[in-house]
$ cat data_21.csv   # CSV, C-alpha atoms
chain,number,residue,atom,x,y,z
Y,102,MET,CA,21.0,-12.6,-11.2
Y,103,THR,CA,19.4,-13.9,-14.4
Y,104,ALA,CA,17.3,-12.3,-17.1
Y,105,ALA,CA,14.4,-14.2,-15.6
Y,106,ALA,CA,14.8,-12.5,-12.3
Y,107,TYR,CA,14.6,-9.1,-13.8
Y,108,ARG,CA,11.7,-10.1,-16.1
Y,109,ASN,CA,9.7,-11.3,-13.1
Y,110,LEU,CA,10.6,-8.2,-11.1
Y,111,ALA,CA,9.4,-5.9,-13.9
Y,112,LEU,CA,6.2,-7.9,-14.4
Y,113,ALA,CA,5.5,-7.9,-10.6
Y,114,THR,CA,6.1,-4.2,-10.4
Y,115,LEU,CA,3.8,-3.5,-13.4
Y,116,GLY,CA,1.1,-5.7,-11.9
Y,117,PHE,CA,1.4,-4.1,-8.5
Y,118,LEU,CA,1.1,-0.6,-10.2
Y,119,ILE,CA,-2.1,-1.5,-12.2
Y,120,THR,CA,-3.8,-3.4,-9.3
Y,121,PHE,CA,-3.0,-0.5,-7.0
Y,122,TRP,CA,-4.6,1.9,-9.4
Y,123,ALA,CA,-7.7,-0.2,-9.3
Y,124,TRP,CA,-7.5,-0.4,-5.5
Y,125,ASN,CA,-7.4,3.4,-5.3
Y,126,LEU,CA,-10.1,4.3,-7.9
Y,127,ILE,CA,-12.6,5.7,-5.5
Y,128,SER,CA,-10.3,8.0,-3.5
Y,129,PRO,CA,-9.5,10.6,-6.1
Y,130,LEU,CA,-13.2,11.0,-6.7
Y,131,GLY,CA,-14.1,11.4,-3.0
Y,132,ASN,CA,-15.0,15.0,-3.3
Y,133,ALA,CA,-17.0,14.5,-6.4
Y,134,PHE,CA,-19.0,11.7,-4.7
Y,135,LYS,CA,-19.4,13.9,-1.6
Y,136,ALA,CA,-20.9,16.8,-3.7
Y,137,GLY,CA,-23.0,14.5,-5.9
Y,138,LEU,CA,-24.4,12.3,-3.2
Y,139,HIS,CA,-24.5,14.9,-0.4
Y,140,LEU,CA,-22.2,12.9,1.9
Y,141,THR,CA,-20.7,13.8,5.2
Y,142,ASP,CA,-16.9,13.9,5.9
Y,143,LEU,CA,-17.3,10.6,7.8
Y,144,GLN,CA,-19.2,8.9,5.0
Y,145,VAL,CA,-16.5,10.0,2.5
Y,146,ALA,CA,-13.8,8.6,4.8
Y,147,MET,CA,-15.6,5.3,5.0
Y,148,LEU,CA,-16.0,5.2,1.3
Y,149,VAL,CA,-12.3,5.7,0.5
Y,150,ALA,CA,-11.2,3.4,3.3
Y,151,ALA,CA,-13.5,0.5,2.4
Y,152,PRO,CA,-11.2,-1.0,-0.3
Y,153,LEU,CA,-8.3,-0.8,2.2
Y,154,LEU,CA,-10.1,-3.1,4.6
Y,155,VAL,CA,-10.6,-6.0,2.2
Y,156,GLY,CA,-7.3,-5.4,0.5
Y,157,SER,CA,-5.5,-5.7,3.8
Y,158,LEU,CA,-7.3,-8.7,5.3
Y,159,GLY,CA,-7.3,-10.5,1.9
Y,160,ARG,CA,-3.5,-10.5,1.9
Y,161,VAL,CA,-3.4,-13.2,4.5
Y,162,PRO,CA,-5.1,-16.0,2.5
Y,163,ILE,CA,-3.6,-14.7,-0.8
Y,164,GLY,CA,-0.1,-14.9,0.7
Y,165,ALA,CA,-0.7,-18.4,1.9
Y,166,LEU,CA,-2.2,-19.4,-1.5
Y,167,THR,CA,0.8,-17.9,-3.2
Y,168,ASP,CA,3.1,-20.1,-1.1
Y,169,ARG,CA,1.1,-23.1,-2.3
Y,170,TYR,CA,0.3,-22.3,-6.0
Y,171,GLY,CA,2.9,-19.7,-6.9
Y,172,ALA,CA,2.7,-16.2,-8.4
Y,173,ARG,CA,2.3,-17.7,-11.9
Y,174,VAL,CA,-1.2,-18.7,-11.0
Y,175,MET,CA,-2.1,-16.1,-8.4
Y,176,PHE,CA,-1.1,-12.9,-10.2
Y,177,PRO,CA,-3.2,-13.4,-13.4
Y,178,LEU,CA,-6.1,-14.8,-11.3
Y,179,VAL,CA,-6.3,-11.9,-8.9
Y,180,SER,CA,-5.8,-9.3,-11.7
Y,181,ALA,CA,-8.6,-10.9,-13.8
Y,182,LEU,CA,-11.0,-11.1,-10.8
Y,183,THR,CA,-10.4,-7.4,-10.0
Y,184,VAL,CA,-11.9,-6.4,-13.3
Y,185,VAL,CA,-15.4,-7.4,-11.9
Y,186,PRO,CA,-15.6,-4.8,-9.1
Y,187,VAL,CA,-14.0,-2.1,-11.3
Y,188,LEU,CA,-16.8,-2.5,-13.9
Y,189,LEU,CA,-19.4,-2.7,-11.2
Y,190,LEU,CA,-18.6,0.9,-10.2
Y,191,ILE,CA,-20.3,2.1,-13.3
Y,192,PRO,CA,-23.9,1.0,-12.4
Y,193,VAL,CA,-23.6,1.9,-8.7
Y,194,LYS,CA,-21.9,5.3,-9.0
Y,195,SER,CA,-25.1,7.1,-8.0
Y,196,SER,CA,-25.7,5.1,-4.9
Y,197,TYR,CA,-23.7,5.4,-1.7
Y,198,GLY,CA,-24.6,2.0,-0.5
Y,199,GLY,CA,-23.7,0.5,-3.8
Y,200,LEU,CA,-20.4,2.3,-3.9
Y,201,LEU,CA,-19.6,1.1,-0.4
Y,202,ALA,CA,-20.4,-2.5,-1.2
Y,203,VAL,CA,-18.4,-2.5,-4.5
Y,204,GLY,CA,-15.6,-0.6,-2.7
Y,205,PHE,CA,-15.1,-3.6,-0.4
Y,206,LEU,CA,-14.9,-5.9,-3.4
Y,207,LEU,CA,-12.4,-3.5,-5.0
Y,208,GLY,CA,-10.1,-4.4,-2.1
Y,209,LEU,CA,-9.1,-7.5,-4.0
Y,210,GLY,CA,-6.7,-5.4,-6.0
Y,211,GLY,CA,-4.8,-4.5,-2.9
Y,212,THR,CA,-3.9,-8.1,-2.1
Y,213,THR,CA,-1.2,-8.4,-4.8
Y,214,LEU,CA,1.5,-7.3,-2.4
Y,215,ALA,CA,1.4,-10.8,-0.9
Y,216,ILE,CA,2.0,-12.3,-4.4
Y,217,GLY,CA,4.8,-10.0,-5.6
Y,218,VAL,CA,7.0,-10.2,-2.5
Y,219,PRO,CA,7.4,-14.0,-2.5
Y,220,LEU,CA,8.0,-14.0,-6.3
Y,221,VAL,CA,10.8,-11.3,-6.1
Y,222,ASN,CA,12.3,-12.7,-2.9
Y,223,ALA,CA,12.8,-16.1,-4.5
Y,224,TRP,CA,14.5,-14.7,-7.6
Y,225,PHE,CA,17.1,-12.4,-5.9
Y,226,PRO,CA,19.9,-13.3,-3.6
Y,227,PRO,CA,20.0,-11.8,-0.1
Y,228,ALA,CA,22.6,-9.1,-0.9
Y,229,GLY,CA,20.2,-7.6,-3.5
Y,230,ARG,CA,16.8,-8.3,-2.1
Y,231,GLY,CA,16.4,-4.9,-0.4
Y,232,LEU,CA,16.8,-3.0,-3.6
Y,233,ALA,CA,14.7,-5.5,-5.6
Y,234,LEU,CA,11.8,-5.4,-3.1
Y,235,GLY,CA,12.1,-1.6,-3.0
Y,236,VAL,CA,11.7,-1.6,-6.8
Y,237,LEU,CA,8.7,-3.8,-6.4
Y,238,GLY,CA,7.3,-1.4,-3.9
Y,239,MET,CA,7.4,1.3,-6.5
Y,240,GLY,CA,4.2,-0.3,-7.7
Y,241,THR,CA,2.5,1.6,-4.9
Y,242,GLY,CA,2.9,4.4,-7.4
Y,243,GLY,CA,-0.4,3.1,-8.7
Y,244,VAL,CA,-1.9,5.3,-6.0
Y,245,ALA,CA,-0.1,8.3,-7.6
Y,246,LEU,CA,-1.2,7.2,-11.1
Y,247,SER,CA,-4.8,7.0,-9.9
Y,248,GLY,CA,-4.6,10.4,-8.1
Y,249,TYR,CA,-3.3,12.1,-11.2
Y,250,LEU,CA,-5.2,10.4,-14.0
Y,251,THR,CA,-8.5,9.3,-12.5
Y,252,PRO,CA,-10.0,12.8,-11.9
Y,253,ARG,CA,-8.8,14.0,-15.3
Y,254,ILE,CA,-10.3,11.0,-17.2
Y,255,HIS,CA,-13.4,11.3,-15.1
Y,256,HIS,CA,-13.8,15.0,-16.1
Y,257,TYR,CA,-13.8,13.9,-19.7
Y,258,ASP,CA,-16.2,11.0,-19.3
Y,259,GLU,CA,-17.4,9.8,-15.9
Y,260,ASN,CA,-17.3,6.1,-16.9
Y,261,LEU,CA,-14.0,6.2,-18.8
Y,262,PRO,CA,-11.7,5.7,-15.7
Y,263,TYR,CA,-13.3,2.4,-14.9
Y,264,LEU,CA,-13.2,1.1,-18.5
Y,265,VAL,CA,-9.5,2.1,-18.8
Y,266,VAL,CA,-8.5,0.3,-15.6
Y,267,ALA,CA,-10.6,-2.7,-16.4
Y,268,PHE,CA,-8.8,-3.0,-19.8
Y,269,ALA,CA,-5.4,-2.6,-18.1
Y,270,LEU,CA,-6.1,-5.3,-15.6
Y,271,ALA,CA,-7.3,-7.7,-18.3
Y,272,ALA,CA,-4.3,-7.0,-20.4
Y,273,PHE,CA,-1.9,-7.6,-17.5
Y,274,ALA,CA,-3.7,-10.8,-16.5
Y,275,VAL,CA,-2.9,-12.2,-20.0
Y,276,LEU,CA,0.7,-10.9,-19.9
Y,277,ALA,CA,1.3,-12.4,-16.4
Y,278,ALA,CA,-0.1,-15.8,-17.4
Y,279,LEU,CA,2.3,-15.9,-20.4
Y,280,LEU,CA,5.5,-14.5,-18.9
Y,281,ILE,CA,5.6,-14.8,-15.0
Y,282,THR,CA,7.6,-17.8,-13.8
Y,283,ASP,CA,8.1,-19.1,-10.3
Y,284,HIS,CA,11.6,-19.9,-9.3
Y,285,PRO,CA,12.4,-23.5,-10.2
Y,286,ALA,CA,14.1,-24.2,-6.8
Y,287,GLY,CA,11.0,-23.2,-4.9
Y,288,SER,CA,9.3,-25.9,-2.8
Y,289,VAL,CA,5.6,-26.4,-2.6
Y,290,PRO,CA,4.3,-26.7,1.0
Y,291,GLN,CA,2.1,-29.7,1.6
Y,292,ALA,CA,0.5,-28.5,4.9
Y,293,SER,CA,-3.0,-27.2,5.0
Y,294,LEU,CA,-3.8,-23.5,4.6
Y,295,ALA,CA,-4.7,-23.2,8.3
Y,296,THR,CA,-1.5,-24.9,9.4
Y,297,ARG,CA,0.7,-22.7,7.2
Y,298,LEU,CA,-1.1,-19.5,8.4
Y,299,GLY,CA,-0.6,-20.6,12.0
Y,300,GLY,CA,3.1,-21.2,11.3
Y,301,ALA,CA,3.5,-17.8,9.8
Y,302,GLY,CA,1.7,-16.0,12.6
Y,303,ARG,CA,3.2,-17.8,15.5
Y,304,PRO,CA,6.7,-16.1,15.7
Y,305,ARG,CA,6.8,-12.8,17.5
Y,306,VAL,CA,8.9,-11.2,14.8
Y,307,THR,CA,6.0,-11.5,12.3
Y,308,TRP,CA,3.9,-9.2,14.5
Y,309,GLU,CA,6.9,-6.9,15.1
Y,310,LEU,CA,7.3,-6.5,11.4
Y,311,ALA,CA,3.6,-6.0,11.0
Y,312,GLY,CA,3.6,-3.2,13.5
Y,313,LEU,CA,6.4,-1.4,11.8
Y,314,TYR,CA,4.8,-1.8,8.3
Y,315,ALA,CA,1.5,-0.6,9.7
Y,316,THR,CA,3.2,2.7,10.6
Y,317,GLY,CA,5.2,3.1,7.4
Y,318,CYS,CA,3.0,1.7,4.6
Y,319,GLY,CA,-0.2,2.3,6.6
Y,320,GLY,CA,0.7,6.0,6.7
Y,321,ILE,CA,1.3,6.0,3.0
Y,322,LEU,CA,-2.0,4.4,2.2
Y,323,ALA,CA,-3.9,6.5,4.7
Y,324,LEU,CA,-2.6,9.8,3.3
Y,325,GLY,CA,-2.6,8.6,-0.2
Y,326,VAL,CA,-6.3,7.8,-0.2
Y,327,TYR,CA,-7.5,10.6,2.2
Y,328,LEU,CA,-5.2,13.4,1.0
Y,329,PRO,CA,-7.6,14.5,-1.9
Y,330,THR,CA,-10.4,14.9,0.6
Y,331,TYR,CA,-8.2,16.6,3.2
Y,332,LEU,CA,-6.8,19.1,0.7
Y,333,GLY,CA,-10.2,19.8,-0.7
Y,334,THR,CA,-11.8,20.3,2.7
Y,335,TRP,CA,-9.0,22.1,4.5
Y,336,TYR,CA,-7.3,24.0,1.7
Y,337,HIS,CA,-10.3,24.3,-0.6
Y,338,LEU,CA,-8.6,22.8,-3.7
Y,339,ASP,CA,-10.7,21.4,-6.5
Y,340,ALA,CA,-10.7,17.7,-7.3
Y,341,VAL,CA,-8.1,17.9,-10.1
Y,342,GLU,CA,-5.6,20.0,-8.1
Y,343,ALA,CA,-6.1,18.0,-4.9
Y,344,GLY,CA,-5.6,14.7,-6.9
Y,345,THR,CA,-2.4,16.1,-8.5
Y,346,LYS,CA,-0.9,17.0,-5.1
Y,347,ALA,CA,-1.9,13.6,-3.7
Y,348,ALA,CA,-0.4,11.9,-6.7
Y,349,GLY,CA,2.9,13.8,-6.0
Y,350,PHE,CA,2.8,12.5,-2.4
Y,351,ALA,CA,2.3,8.9,-3.5
Y,352,LEU,CA,4.9,9.2,-6.3
Y,353,VAL,CA,7.6,10.4,-3.8
Y,354,ALA,CA,6.7,7.6,-1.4
Y,355,ALA,CA,7.0,5.1,-4.2
Y,356,VAL,CA,10.4,6.4,-5.4
Y,357,PHE,CA,11.8,6.3,-1.9
Y,358,ARG,CA,10.9,2.6,-1.4
Y,359,PRO,CA,13.8,1.4,-3.4
Y,360,VAL,CA,16.0,4.0,-1.7
Y,361,GLY,CA,15.0,2.5,1.6
Y,362,GLY,CA,15.7,-1.0,0.3
Y,363,TRP,CA,19.1,0.0,-1.2
Y,364,CYS,CA,20.1,1.5,2.1
Y,365,ALA,CA,18.9,-1.6,3.9
Y,366,ASP,CA,21.3,-3.7,1.7
Y,367,ARG,CA,24.2,-1.7,3.2
Y,368,VAL,CA,23.1,-0.8,6.7
Y,369,HIS,CA,20.9,-2.9,9.0
Y,370,PRO,CA,17.3,-2.6,7.8
Y,371,ALA,CA,16.1,-1.8,11.4
Y,372,VAL,CA,18.4,1.3,11.5
Y,373,VAL,CA,17.2,2.5,8.1
Y,374,THR,CA,13.6,2.0,9.3
Y,375,ALA,CA,14.2,4.0,12.5
Y,376,TRP,CA,15.7,7.0,10.7
Y,377,ALA,CA,12.9,7.0,8.1
Y,378,LEU,CA,10.1,6.9,10.6
Y,379,GLY,CA,11.8,9.6,12.7
Y,380,LEU,CA,11.8,11.8,9.6
Y,381,ALA,CA,8.1,11.1,9.0
Y,382,ALA,CA,7.3,11.8,12.7
Y,383,LEU,CA,8.9,15.3,12.5
Y,384,ALA,CA,7.0,16.1,9.3
Y,385,ALA,CA,3.7,15.0,10.8
Y,386,ILE,CA,4.3,17.3,13.8
Y,387,VAL,CA,4.9,20.3,11.4
Y,388,GLN,CA,1.6,19.5,9.5
Y,389,ALA,CA,-0.3,19.4,12.8
Y,390,PHE,CA,0.3,23.2,13.1
Y,391,ASP,CA,-1.6,23.7,9.8
Y,392,PRO,CA,1.1,25.5,7.8
Y,393,ALA,CA,0.3,27.3,4.5
Y,394,LEU,CA,0.0,24.8,1.7
Y,395,ASN,CA,2.5,26.7,-0.5
Y,396,PRO,CA,5.3,26.2,0.0
Y,397,VAL,CA,5.6,24.8,3.6
Y,398,GLY,CA,2.7,22.4,3.6
Y,399,THR,CA,3.6,20.9,0.2
Y,400,LEU,CA,7.3,20.5,1.1
Y,401,ASP,CA,6.4,19.0,4.4
Y,402,PHE,CA,4.1,16.4,2.8
Y,403,LEU,CA,6.8,15.4,0.4
Y,404,ILE,CA,9.3,14.9,3.3
Y,405,MET,CA,6.7,12.8,5.1
Y,406,ALA,CA,6.2,10.8,1.9
Y,407,ALA,CA,10.0,10.2,1.6
Y,408,GLY,CA,10.3,9.0,5.2
Y,409,LEU,CA,7.3,6.7,5.0
Y,410,GLY,CA,8.3,5.3,1.6
Y,411,ALA,CA,11.8,4.6,2.7
Y,412,ALA,CA,10.4,2.8,5.8
Y,413,GLY,CA,8.2,0.7,3.6
Y,414,GLY,CA,11.2,-0.5,1.6
Y,415,SER,CA,13.4,-1.2,4.6
Y,416,VAL,CA,10.8,-3.1,6.5
Y,417,PHE,CA,10.5,-5.6,3.6
Y,418,ALA,CA,14.2,-5.9,3.4
Y,419,LEU,CA,14.1,-6.8,7.1
Y,420,LEU,CA,11.3,-9.3,6.4
Y,421,SER,CA,13.3,-11.0,3.7
Y,422,ARG,CA,16.3,-11.2,6.2
Y,423,VAL,CA,14.4,-12.8,9.0
Y,424,THR,CA,11.9,-15.1,7.2
Y,425,PRO,CA,12.6,-18.5,5.6
Y,426,GLN,CA,11.6,-18.6,1.9
Y,427,GLU,CA,8.9,-21.2,2.5
Y,428,ARG,CA,7.1,-18.8,4.8
Y,429,ILE,CA,7.5,-15.6,2.8
Y,430,GLY,CA,4.0,-15.6,1.3
Y,431,GLY,CA,2.3,-16.3,4.6
Y,432,VAL,CA,4.3,-13.8,6.6
Y,433,THR,CA,4.0,-11.2,3.9
Y,434,GLY,CA,0.3,-11.7,4.0
Y,435,ILE,CA,0.1,-11.1,7.7
Y,436,VAL,CA,2.5,-8.1,7.6
Y,437,GLY,CA,0.7,-6.6,4.6
Y,438,ALA,CA,-2.7,-7.1,6.2
Y,439,VAL,CA,-1.7,-5.3,9.4
Y,440,GLY,CA,0.0,-2.6,7.3
Y,441,GLY,CA,-3.1,-2.1,5.2
Y,442,LEU,CA,-5.3,-1.9,8.3
Y,443,GLY,CA,-2.9,0.8,9.4
Y,444,GLY,CA,-4.1,2.6,6.3
Y,445,PHE,CA,-7.7,1.8,6.9
Y,446,VAL,CA,-8.0,3.4,10.4
Y,447,PRO,CA,-6.4,6.8,9.9
Y,448,PRO,CA,-8.9,8.1,7.2
Y,449,LEU,CA,-11.8,7.2,9.6
Y,450,VAL,CA,-10.0,9.0,12.5
Y,451,LEU,CA,-9.2,12.1,10.4
Y,452,GLY,CA,-12.8,12.3,9.2
Y,453,ALA,CA,-14.2,11.8,12.7
Y,454,VAL,CA,-11.8,14.3,14.3
Y,455,HIS,CA,-12.5,16.9,11.7
Y,456,ARG,CA,-16.2,16.4,12.1
Y,457,GLY,CA,-16.0,16.6,15.9
Y,458,LYS,CA,-13.3,19.2,16.4
Y,459,GLY,CA,-13.2,21.1,13.1
Y,460,THR,CA,-9.5,20.4,12.7
Y,461,TYR,CA,-7.1,17.7,11.5
Y,462,SER,CA,-4.2,18.6,13.9
Y,463,LEU,CA,-5.0,15.9,16.4
Y,464,GLY,CA,-4.9,13.3,13.6
Y,465,PHE,CA,-1.4,14.4,12.5
Y,466,MET,CA,-0.1,14.4,16.1
Y,467,LEU,CA,-1.3,10.8,16.5
Y,468,LEU,CA,0.5,9.9,13.3
Y,469,SER,CA,3.7,11.5,14.6
Y,470,ASP,CA,3.3,9.6,17.9
Y,471,LEU,CA,3.0,6.3,16.0
Y,472,ALA,CA,5.9,7.0,13.8
Y,473,LEU,CA,8.1,8.0,16.7
Y,474,ALA,CA,7.2,4.8,18.6
Y,475,GLY,CA,8.1,2.7,15.5
Y,476,CYS,CA,11.4,4.6,15.2
Y,477,LEU,CA,12.3,3.7,18.8
Y,478,TYR,CA,11.2,0.1,18.6
Y,479,ALA,CA,13.1,-0.5,15.4
Y,480,LEU,CA,16.2,0.9,16.8
Y,481,GLY,CA,16.0,-0.7,20.2
Y,482,ARG,CA,14.5,-4.2,19.3
Y,483,MET,CA,14.7,-5.1,15.7
Y,484,ARG,CA,18.4,-4.8,15.2
Y,485,THR,CA,18.7,-8.2,17.0
Y,486,ALA,CA,16.1,-10.0,14.8
Y,487,ASP,CA,17.3,-13.1,12.9
Y,488,THR,CA,15.9,-15.9,10.8
Y,489,ALA,CA,15.9,-18.2,13.8
Y,490,ARG,CA,13.1,-16.3,15.4
Y,491,THR,CA,10.7,-17.1,12.6
Y,492,ARG,CA,11.2,-20.8,13.3
Y,493,GLU,CA,10.2,-20.5,16.9
Y,494,ALA,CA,7.1,-22.5,17.9
$ encode --input "data_21.csv" --output "structure tokens"
Amino acid sequence: MTAAAYRNLALATLGFLITFWAWNLISPLGNAFKAGLHLTDLQVAMLVAAPLLVGSLGRVPIGALTDRYGARVMFPLVSALTVVPVLLLIPVKSSYGGLLAVGFLLGLGGTTLAIGVPLVNAWFPPAGRGLALGVLGMGTGGVALSGYLTPRIHHYDENLPYLVVAFALAAFAVLAALLITDHPAGSVPQASLATRLGGAGRPRVTWELAGLYATGCGGILALGVYLPTYLGTWYHLDAVEAGTKAAGFALVAAVFRPVGGWCADRVHPAVVTAWALGLAALAAIVQAFDPALNPVGTLDFLIMAAGLGAAGGSVFALLSRVTPQERIGGVTGIVGAVGGLGGFVPPLVLGAVHRGKGTYSLGFMLLSDLALAGCLYALGRMRTADTARTREA
């Protein structure tokens, strides 16, 4: 592995971190918007989930465009464009409709997963890709960064978080344009965007990977964005304390992504995924019984974060094993889109269940069921996956 490989990994991880902070700007302020705009639980859930929808679906075309134009073009372009919705949050912050509309645009920041994975995958050999992709996945710590810093900066000045993130995005866009390089051995596909997306979506294994990633990373995203609201509503924490605990959850999930990737370099990624999702399922069952937050609930959330984070790292190690390099962007886009949608739905479900039943227990039981199903599927089916499957018509 060369210095260029490590340079591109570092830059991709940094870009992932900053764009994910932008993607998650609204969530840590959910309770502040709820109080200031007199919103219902469901309206807050829709507000914090809105960026997830566009960030998820946008990964499909962004991944295909990355296959065609490379990360050298796409990373600075997406980072620079994300500055626009971040700054638009300032004039619309007093309007629920405006926040919702800009929240959808803010989803652009969540598409960088489909740029970073093809870039890193091309620079690292198969034996080290699990760990490298796991390190890249630490960029999801942008959710933790947002959860910790955004409410604190907002408390000092309500416009300052948006200005800080906009500056960080612009600075990274310049840095990426100067320093990111695509692997020289990479081939440029000549087929049309529709043809390449069809080729990426045709194999069954793409959707199998997508389902597993929706459970792992979708769970991280769902809890990462909704946890401040949940902790504020159920445990009556203020915005800063709830944001801090949510940041801790996201940080543990981010740290365990390279752990999952490292394990997947040594044990079959499907086995690592199964164990990680099984751990998350057990933790979700415990939380369904509404334990006291300190210390049981806090420890339980950290265990859940570790399991979901490790699963996120091992799923992408599995993806790199079964996907030809020329399709990595397209397949990552589809897998990332479904994974992001896995994060879009649970906040809405949790908000709706709490509104209708006055409890979050059912939502956590549903999460445990999904994680257990993913555990069994990974163990029983995905251990036989190979690259040949992705070439099936």
$ closest_residue --input "data_21.csv" --among "Y:Asn109, Y:Thr141, Y:Thr374, Y:Asn125" --to "Leu324 (chain Y)" --atoms "all atoms listed in the file"
Y:Asn125
$ residues_around --input "data_21.csv" --residues "Val454 (chain Y)" --least-positions-apart "5" --cutoff "12 Å" --atoms "all atoms listed in the file" --output "VMD selection string"
chain Y and resid 142 to 143 146 331 447 to 449 459 to 467
$ residues_around --input "data_21.csv" --residues "region 231-243 of chain Y" --least-positions-apart "2" --cutoff "7 Å" --atoms "all atoms listed in the file" --output "MDAnalysis selection string"
chainID Y and resid 110 113:115 117:119 121:122 218 221 229 245:247 351:352 355:356 358:363 365:366 414:415 417:418
$ atom_distance --input "data_21.csv" --atom1 "CA of Leu264 (chain Y)" --atom2 "CA of Val203 (chain Y)"
15.4 Å
$ residues_near_point --input "data_21.csv" --point "(-24.3, 4.3, -6.5)" --cutoff "12 Å" --atoms "all atoms listed in the file" --output "NGL selection string"
:Y and (127 or 134-135 or 137-138 or 148 or 189-204)
$ residues_around --input "data_21.csv" --residues "Asp339 (chain Y)" --least-positions-apart "2" --cutoff "12 Å" --atoms "only C-alpha atoms" --output "MDAnalysis selection string"
chainID Y and resid 129:133 136 252:253 256 329:337 341:346
$ atom_distance --input "data_21.csv" --atom1 "CA of Val372 (chain Y)" --atom2 "CA of Leu480 (chain Y)"
5.8 Å
$ closest_residue --input "data_21.csv" --among "Y:Leu338, Y:Leu126, Y:Ala385, Y:Ala267" --to "Phe205 (chain Y)" --atoms "all atoms listed in the file"
Y:Leu126
$ residues_near_point --input "data_21.csv" --point "(15.3, 0.5, 12.5)" --cutoff "12 Å" --atoms "all atoms listed in the file" --output "JSON, numbers by chain"
{"Y": [309, 310, 313, 314, 317, 361, 364, 365, 368, 369, 370, 371, 372, 373, 374, 375, 376, 377, 378, 379, 411, 412, 413, 414, 415, 416, 417, 418, 419, 472, 473, 474, 475, 476, 477, 478, 479, 480, 481, 482, 483, 484, 485, 486]}
$ residues_around --input "data_21.csv" --residues "Val353 (chain Y)" --least-positions-apart "4" --cutoff "9 Å" --atoms "all atoms listed in the file" --output "NGL selection string"
:Y and (242 or 245 or 348-349 or 357-358 or 403-404 or 406-407 or 410)
$ decode --input "data_21.csv" --residues "region 243-257 of chain Y" --atoms "N, CA and C atoms" --output "PDB file, in the first residue's frame"
ATOM      1  N   GLY Y 243     -19.351  11.893  12.134  1.00  0.00           N
ATOM      2  CA  GLY Y 243     -19.892  13.231  11.921  1.00  0.00           C
ATOM      3  C   GLY Y 243     -21.221  13.403  12.623  1.00  0.00           C
ATOM      4  N   VAL Y 244     -21.978  12.303  12.764  1.00  0.00           N
ATOM      5  CA  VAL Y 244     -23.229  12.349  13.522  1.00  0.00           C
ATOM      6  C   VAL Y 244     -22.931  12.643  14.991  1.00  0.00           C
ATOM      7  N   ALA Y 245     -21.868  11.996  15.515  1.00  0.00           N
ATOM      8  CA  ALA Y 245     -21.471  12.254  16.903  1.00  0.00           C
ATOM      9  C   ALA Y 245     -20.976  13.685  17.064  1.00  0.00           C
ATOM     10  N   LEU Y 246     -20.189  14.127  16.100  1.00  0.00           N
ATOM     11  CA  LEU Y 246     -19.671  15.495  16.142  1.00  0.00           C
ATOM     12  C   LEU Y 246     -20.809  16.497  16.167  1.00  0.00           C
ATOM     13  N   SER Y 247     -21.811  16.246  15.342  1.00  0.00           N
ATOM     14  CA  SER Y 247     -22.963  17.137  15.293  1.00  0.00           C
ATOM     15  C   SER Y 247     -23.742  17.100  16.597  1.00  0.00           C
ATOM     16  N   GLY Y 248     -23.941  15.884  17.130  1.00  0.00           N
ATOM     17  CA  GLY Y 248     -24.702  15.756  18.362  1.00  0.00           C
ATOM     18  C   GLY Y 248     -24.043  16.467  19.524  1.00  0.00           C
ATOM     19  N   TYR Y 249     -22.711  16.462  19.543  1.00  0.00           N
ATOM     20  CA  TYR Y 249     -21.998  17.094  20.654  1.00  0.00           C
ATOM     21  C   TYR Y 249     -21.849  18.606  20.463  1.00  0.00           C
ATOM     22  N   LEU Y 250     -21.430  19.017  19.255  1.00  0.00           N
ATOM     23  CA  LEU Y 250     -21.084  20.421  19.043  1.00  0.00           C
ATOM     24  C   LEU Y 250     -22.267  21.307  18.658  1.00  0.00           C
ATOM     25  N   THR Y 251     -23.174  20.781  17.841  1.00  0.00           N
ATOM     26  CA  THR Y 251     -24.236  21.637  17.300  1.00  0.00           C
ATOM     27  C   THR Y 251     -25.078  22.309  18.388  1.00  0.00           C
ATOM     28  N   PRO Y 252     -25.601  21.561  19.381  1.00  0.00           N
ATOM     29  CA  PRO Y 252     -26.406  22.265  20.396  1.00  0.00           C
ATOM     30  C   PRO Y 252     -25.599  23.238  21.234  1.00  0.00           C
ATOM     31  N   ARG Y 253     -24.312  22.947  21.456  1.00  0.00           N
ATOM     32  CA  ARG Y 253     -23.478  23.855  22.242  1.00  0.00           C
ATOM     33  C   ARG Y 253     -23.206  25.146  21.480  1.00  0.00           C
ATOM     34  N   ILE Y 254     -22.884  25.025  20.184  1.00  0.00           N
ATOM     35  CA  ILE Y 254     -22.657  26.216  19.371  1.00  0.00           C
ATOM     36  C   ILE Y 254     -23.951  26.999  19.207  1.00  0.00           C
ATOM     37  N   HIS Y 255     -25.062  26.278  19.054  1.00  0.00           N
ATOM     38  CA  HIS Y 255     -26.366  26.907  18.893  1.00  0.00           C
ATOM     39  C   HIS Y 255     -26.747  27.688  20.150  1.00  0.00           C
ATOM     40  N   HIS Y 256     -26.375  27.162  21.314  1.00  0.00           N
ATOM     41  CA  HIS Y 256     -26.660  27.859  22.571  1.00  0.00           C
ATOM     42  C   HIS Y 256     -25.924  29.199  22.641  1.00  0.00           C
ATOM     43  N   TYR Y 257     -24.751  29.240  22.031  1.00  0.00           N
ATOM     44  CA  TYR Y 257     -23.958  30.482  22.018  1.00  0.00           C
ATOM     45  C   TYR Y 257     -24.511  31.472  20.996  1.00  0.00           C
TER      46      TYR Y 257
END
